[in-house]
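Okay, protein.tsv now, which holds TSV, C-alpha atoms:
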chain	number	residue	atom	x	y	z
A	70	MET	CA	45.48	-11.09	50.28
A	71	LEU	CA	45.39	-7.49	49.06
A	72	ASN	CA	42.45	-5.09	48.83
A	73	PHE	CA	42.46	-1.83	46.83
A	74	GLU	CA	40.34	1.26	47.56
A	75	THR	CA	40.62	4.96	46.82
A	76	ILE	CA	40.82	7.73	49.42
A	77	ASN	CA	39.51	11.16	48.36
A	78	GLU	CA	39.91	10.10	44.70
A	79	LEU	CA	43.65	10.90	44.81
A	80	THR	CA	45.18	8.18	46.99
A	81	LEU	CA	45.29	4.39	46.71
A	82	LYS	CA	44.86	2.50	49.97
A	83	VAL	CA	46.19	-1.07	49.93
A	84	THR	CA	45.19	-3.33	52.82
A	85	CYS	CA	47.27	-6.49	53.19
A	86	THR	CA	46.11	-9.52	55.19
A	87	GLY	CA	48.92	-12.01	55.71
A	88	ASN	CA	51.87	-12.13	53.30
A	89	ASP	CA	51.65	-10.80	49.74
A	90	VAL	CA	53.43	-8.82	47.03
A	91	LEU	CA	52.35	-5.60	45.32
A	92	ILE	CA	53.71	-4.18	42.06
A	93	ALA	CA	53.61	-0.38	42.04
A	94	LYS	CA	55.00	2.60	40.18
A	95	ALA	CA	58.45	3.37	41.54
A	96	GLY	CA	58.37	6.20	44.09
A	97	SER	CA	54.57	6.18	44.49
A	98	PHE	CA	54.54	5.14	48.19
A	99	ILE	CA	53.47	8.00	50.48
A	100	ALA	CA	52.63	6.38	53.86
A	101	GLY	CA	52.06	3.12	55.72
A	102	GLU	CA	51.14	1.59	59.05
A	103	SER	CA	51.58	-1.87	60.57
A	104	ALA	CA	51.38	-3.31	64.08
A	105	GLY	CA	54.64	-4.23	65.81
A	106	GLY	CA	56.92	-2.35	63.44
A	107	LYS	CA	57.32	-1.91	59.72
A	108	ASN	CA	56.76	-5.22	57.94
A	109	TYR	CA	56.98	-4.23	54.27
A	110	LYS	CA	59.95	-3.42	52.05
A	111	PHE	CA	60.55	-1.94	48.59
A	112	GLU	CA	62.68	-3.25	45.75
A	113	LYS	CA	63.06	-1.69	42.31
A	114	LEU	CA	62.31	-4.07	39.44
A	115	LEU	CA	65.22	-3.73	37.03
A	116	LEU	CA	63.63	-5.87	34.29
A	117	GLY	CA	59.93	-6.40	34.78
A	118	PRO	CA	57.20	-7.96	36.94
A	119	GLN	CA	57.31	-11.36	35.21
A	120	ASN	CA	58.45	-14.26	37.41
A	121	ASN	CA	60.48	-15.79	34.58
A	122	ARG	CA	63.76	-13.86	34.17
A	123	MET	CA	63.99	-14.49	30.44
A	124	GLN	CA	60.45	-13.22	29.90
A	125	ALA	CA	61.21	-10.22	32.11
A	126	ALA	CA	64.32	-9.39	30.07
A	127	ILE	CA	62.47	-9.68	26.75
A	128	GLY	CA	59.60	-7.62	28.14
A	129	SER	CA	62.03	-4.92	29.27
A	130	LEU	CA	63.52	-4.67	25.77
A	131	ILE	CA	60.07	-4.43	24.18
A	132	ARG	CA	58.97	-1.72	26.62
A	133	HIS	CA	62.06	0.39	25.90
A	134	ALA	CA	61.69	-0.08	22.14
A	135	THR	CA	58.00	0.86	22.05
A	136	GLY	CA	57.99	3.70	24.59
A	137	GLU	CA	55.88	1.65	27.02
A	138	ASN	CA	58.63	1.61	29.62
A	139	LEU	CA	57.43	1.99	33.19
A	140	PRO	CA	59.66	2.16	36.30
A	141	LEU	CA	58.19	-0.36	38.74
A	142	MET	CA	58.93	-1.49	42.28
A	143	LYS	CA	57.99	-4.63	44.21
A	144	VAL	CA	56.47	-4.15	47.65
A	145	THR	CA	56.94	-7.30	49.75
A	146	MET	CA	54.51	-7.42	52.66
A	147	SER	CA	55.18	-9.78	55.59
A	148	GLY	CA	52.05	-9.51	57.74
A	149	ASN	CA	49.03	-7.27	58.09
A	150	SER	CA	49.59	-3.70	56.95
A	151	THR	CA	48.00	-0.68	55.28
A	152	THR	CA	50.00	1.32	52.75
A	153	TYR	CA	49.13	4.36	50.63
A	154	TYR	CA	50.23	5.34	47.11
A	155	ALA	CA	49.74	8.42	44.91
A	156	ASN	CA	51.25	10.21	41.92
A	157	TYR	CA	51.39	14.03	41.84
A	158	GLY	CA	47.73	14.47	42.78
A	159	GLN	CA	46.37	12.49	39.84
A	160	HIS	CA	42.98	10.83	40.16
A	161	ILE	CA	42.94	7.07	40.79
A	162	ILE	CA	40.58	4.43	39.41
A	163	VAL	CA	40.47	0.97	41.00
A	164	TYR	CA	39.24	-2.02	39.01
A	165	LYS	CA	39.12	-5.74	39.80
A	166	LEU	CA	39.66	-7.96	36.76
A	167	GLY	CA	37.76	-11.19	36.28
A	168	PHE	CA	39.72	-14.30	35.35
A	169	GLY	CA	40.91	-13.91	31.76
A	170	GLU	CA	39.64	-10.31	31.52
A	171	VAL	CA	42.08	-7.96	29.78
A	172	VAL	CA	42.61	-4.24	30.15
A	173	SER	CA	44.82	-2.48	27.59
A	174	VAL	CA	46.35	0.55	29.29
A	175	GLU	CA	48.93	3.24	28.62
A	176	SER	CA	52.00	2.53	30.75
A	177	GLU	CA	52.12	6.00	32.30
A	178	ASN	CA	48.56	5.48	33.60
A	179	ILE	CA	49.48	2.42	35.69
A	180	LEU	CA	49.85	3.06	39.43
A	181	ALA	CA	49.76	-0.45	40.92
A	182	PHE	CA	48.55	-4.01	40.43
A	183	THR	CA	48.52	-7.33	42.29
A	184	GLN	CA	50.38	-10.52	41.43
A	185	ASP	CA	47.13	-12.00	40.07
A	186	CYS	CA	47.45	-9.59	37.11
A	187	LYS	CA	49.61	-10.83	34.25
A	188	TYR	CA	51.56	-7.90	32.75
A	189	ASP	CA	52.62	-7.75	29.11
A	190	VAL	CA	53.30	-5.37	26.21
A	191	ARG	CA	51.96	-5.91	22.69
A	192	PHE	CA	51.75	-4.10	19.38
A	193	ILE	CA	48.41	-2.66	18.22
A	194	GLY	CA	49.36	-0.86	15.01
A	195	VAL	CA	52.03	0.04	12.48
A	196	GLY	CA	53.61	3.40	11.81
A	197	ILE	CA	54.40	6.23	14.17
A	198	LEU	CA	51.03	7.94	14.54
A	199	SER	CA	51.34	9.09	18.11
A	200	GLN	CA	53.85	8.75	20.90
A	201	LYS	CA	51.42	6.12	22.24
A	202	GLY	CA	50.03	4.80	18.97
A	203	LEU	CA	52.20	1.75	18.35
A	204	ALA	CA	52.06	-0.46	21.43
A	205	THR	CA	50.13	-0.80	24.66
A	206	SER	CA	50.57	-2.47	28.04
A	207	THR	CA	48.10	-5.19	29.00
A	208	LEU	CA	47.00	-6.54	32.36
A	209	THR	CA	45.12	-9.85	32.38
A	210	GLY	CA	43.20	-11.28	35.31
A	211	ASN	CA	44.97	-14.47	36.36
A	212	GLY	CA	43.45	-15.20	39.78
A	213	ASP	CA	40.84	-14.22	42.36
A	214	ASN	CA	42.72	-11.13	43.57
A	215	ALA	CA	43.45	-9.30	40.29
A	216	TYR	CA	43.31	-5.63	41.28
A	217	VAL	CA	44.65	-2.78	39.16
A	218	ALA	CA	44.90	0.92	40.06
A	219	LEU	CA	45.02	3.39	37.16
A	220	LEU	CA	45.94	7.08	37.02
A	221	SER	CA	43.97	9.86	35.35
A	222	ASP	CA	45.04	13.46	34.81
A	223	GLY	CA	41.73	14.86	36.10
A	224	ASN	CA	38.39	13.13	36.66
A	225	PRO	CA	38.02	10.50	33.90
A	226	ILE	CA	34.99	9.85	31.74
A	227	VAL	CA	33.76	6.43	30.62
A	228	LEU	CA	32.60	5.70	27.07
A	229	SER	CA	30.94	2.36	26.32
A	230	ASN	CA	29.07	0.98	23.33
A	231	THR	CA	28.28	-2.42	24.87
A	232	GLY	CA	24.59	-1.49	25.03
A	233	SER	CA	24.19	1.16	22.35
A	234	ARG	CA	26.47	-0.43	19.73
A	235	ASN	CA	27.54	3.08	18.71
A	236	ALA	CA	30.82	3.72	16.92
A	237	LEU	CA	33.44	5.25	19.24
A	238	SER	CA	36.20	7.66	18.24
A	239	VAL	CA	38.77	8.98	20.72
A	240	ASP	CA	42.06	10.87	20.74
A	241	PRO	CA	44.92	8.40	21.45
A	242	ASP	CA	46.67	11.05	23.56
A	243	ALA	CA	43.68	11.16	25.96
A	244	VAL	CA	43.09	7.41	26.30
A	245	ILE	CA	43.74	5.78	29.67
A	246	CYS	CA	42.65	2.25	28.81
A	247	TRP	CA	40.06	0.09	27.10
A	248	MET	CA	38.55	-3.29	27.96
A	249	SER	CA	36.10	-5.77	26.48
A	250	GLN	CA	34.66	-9.19	27.18
A	251	GLN	CA	35.61	-10.17	23.62
A	252	GLY	CA	39.39	-10.35	24.03
A	253	TYR	CA	41.71	-7.46	23.27
A	254	CYS	CA	39.22	-5.54	21.04
A	255	ASP	CA	41.91	-3.20	19.69
A	256	PRO	CA	40.90	-0.01	17.85
A	257	GLN	CA	41.56	0.90	14.26
A	258	ILE	CA	44.03	3.76	13.88
A	259	LYS	CA	42.59	6.33	11.48
A	260	THR	CA	44.42	9.34	10.04
A	261	ASP	CA	43.05	12.49	8.43
A	262	LEU	CA	46.07	14.06	6.76
A	263	SER	CA	45.87	16.47	3.83
A	264	TRP	CA	47.80	19.26	2.14
A	265	LYS	CA	46.67	21.63	4.92
A	266	ASN	CA	49.01	19.85	7.34
A	267	LEU	CA	51.95	20.90	5.18
A	268	ILE	CA	51.11	24.60	5.44
A	269	GLY	CA	50.42	24.59	9.17
A	270	GLN	CA	46.62	24.52	8.89
A	271	HIS	CA	46.02	21.18	10.59
A	272	SER	CA	43.13	20.92	13.06
A	273	GLY	CA	45.19	19.20	15.73
A	274	GLU	CA	42.93	16.13	15.44
A	275	SER	CA	44.69	14.31	12.60
A	276	TYR	CA	44.54	10.78	14.03
A	277	THR	CA	42.06	8.83	16.16
A	278	PHE	CA	41.40	5.46	17.73
A	279	GLU	CA	38.10	4.11	16.38
A	280	TRP	CA	35.93	1.17	17.43
A	281	ALA	CA	33.20	-0.03	15.08
A	282	PRO	CA	29.65	-0.75	16.37
A	283	THR	CA	30.44	-4.46	16.05
A	284	LEU	CA	33.23	-4.14	18.66
A	285	PRO	CA	31.66	-3.79	22.13
A	286	VAL	CA	34.20	-1.97	24.28
A	287	THR	CA	34.54	0.30	27.32
A	288	VAL	CA	37.07	3.14	27.10
A	289	LEU	CA	38.38	5.38	29.90
A	290	ILE	CA	39.35	8.91	28.83
A	291	GLN	CA	41.21	11.57	30.81
A	292	PRO	CA	40.42	15.29	30.31
A	293	SER	CA	44.03	16.03	29.37
A	294	GLU	CA	46.06	15.19	26.28
A	295	ARG	CA	49.62	13.92	26.30
A	296	ARG	CA	52.18	15.90	24.36
A	297	GLY	CA	52.71	13.85	21.23
A	298	GLY	CA	51.29	12.86	17.87
A	299	ILE	CA	51.94	14.08	14.33
A	300	ARG	CA	53.04	17.69	14.04
A	301	VAL	CA	53.60	18.29	10.34
A	302	GLY	CA	53.60	21.82	9.00
A	303	VAL	CA	55.41	24.80	7.55
A	304	ASP	CA	55.22	28.04	9.55
Whole structure, structure tokens version:
Amino acid sequence: MLNFETINELTLKVTCTGNDVLIAKAGSFIAGESAGGKNYKFEKLLLGPQNNRMQAAIGSLIRHATGENLPLMKVTMSGNSTTYYANYGQHIIVYKLGFGEVVSVESENILAFTQDCKYDVRFIGVGILSQKGLATSTLTGNGDNAYVALLSDGNPIVLSNTGSRNALSVDPDAVICWMSQQGYCDPQIKTDLSWKNLIGQHSGESYTFEWAPTLPVTVLIQPSERRGGIRVGVD
């Protein structure tokens, strides 16, 4: 059994009771302690976290093709231990998924998850609108111990329209993840291109992810944009 908690907002503490396996971002381990000697080991996942090798191979191809590739490692724990993980001082959010609950997350924002999370990659749009606008990684709760730890470049903010039923509009390059009790609840990808983009007068906000009031969703946003998106212009 694994338990996730954050330390000082910047470190993930994983407490293991008995034997278990953790999937984490490769190279994210920073410290650990266990009675009677080290009882955990690390192994890089060459294909993916799926148990079925064929599914792992197909998933690896999809991740490389869509830019959702994420270097992962498997941490095998043989006994009680406490290990710590971090990524360049980024903030960490811990969430426990209910059975069947889905979180759609950008691959670079994944720090770690338990075996009770089913990992996959799926398409959410067509066209190259952003470096992250075509596909997304998904983690689905598939057991009683479905923990996920996410990374944020700065303290994140949470937007939700589950009570207000407001329309939500966010920059795809600032999105960490989104989740809903009504399945995937994917956004519409809206563009705002005009002749001004061709003469270098674009606003820098030419595309957005939008959720209608009829789509109750919770979105996590980081206060930092990825380098990407449409850059059309003539200097």
Computed gap from atom CA of Thr231 of chain A to atom CA of Leu284 of chain A is 8.1 Å
Computed gap from atom CA of Thr205 of chain A to atom CA of Ala155 of chain A is 22.3 Å
Quick one: residues within 8 Å of segment 245-247 of chain A, all atoms listed in the file counted, chain neighbours fewer than 6 positions away excluded, as a PyMOL selection string? chain A and resi 172-175+178+219-221+286-291
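Atom pair atom CA of Ser238 of chain A / atom CA of Glu294 of chain A has a distance of 14.8 Å (rounded to one decimal).
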If we count all atoms listed in the file and set the cut-off at 7 Å, which residues sit around segment 81-97 of chain A, ignoring sequence neighbours fewer than 3 positions away in its own chain? Please answer as a ChimeraX atom specification. /A:70-76,113,140-156,161,180-184
Contacts of Asp185 of chain A at 10 Å or less, counting only C-alpha atoms, minus same-chain residues fewer than 3 places along, as number ranges by chain? A: 90-91, 166, 168, 182, 188, 208-217
How would the residues just chosen look if you wrote them out with C-alpha atoms as an mmCIF file, in the frame of the given file?
data_model
loop_
_atom_site.group_PDB
_atom_site.id
_atom_site.type_symbol
_atom_site.label_atom_id
_atom_site.label_comp_id
_atom_site.auth_asym_id
_atom_site.auth_seq_id
_atom_site.Cartn_x
_atom_site.Cartn_y
_atom_site.Cartn_z
ATOM 1 C CA VAL A 90 53.430 -8.820 47.030
ATOM 2 C CA LEU A 91 52.350 -5.600 45.320
ATOM 3 C CA LEU A 166 39.660 -7.960 36.760
ATOM 4 C CA PHE A 168 39.720 -14.300 35.350
ATOM 5 C CA PHE A 182 48.550 -4.010 40.430
ATOM 6 C CA TYR A 188 51.560 -7.900 32.750
ATOM 7 C CA LEU A 208 47.000 -6.540 32.360
ATOM 8 C CA THR A 209 45.120 -9.850 32.380
ATOM 9 C CA GLY A 210 43.200 -11.280 35.310
ATOM 10 C CA ASN A 211 44.970 -14.470 36.360
ATOM 11 C CA GLY A 212 43.450 -15.200 39.780
ATOM 12 C CA ASP A 213 40.840 -14.220 42.360
ATOM 13 C CA ASN A 214 42.720 -11.130 43.570
ATOM 14 C CA ALA A 215 43.450 -9.300 40.290
ATOM 15 C CA TYR A 216 43.310 -5.630 41.280
ATOM 16 C CA VAL A 217 44.650 -2.780 39.160
#
Counting all atoms listed in the file, the option among A:Gly158, A:Gly101, A:Gly169, A:Gly106 closest to Asp222 of chain A: A:Gly158
Please list, as a list in words, the residues that have an atom at most 7 Å away from (43.0, 16.7, 36.2) in the coordinates of this file, counting all atoms listed in the file.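 Here is the list of nearby residues: Gln159, Ser221, Asp222, Gly223, Asn224, Pro292 and Ser293 of chain A.
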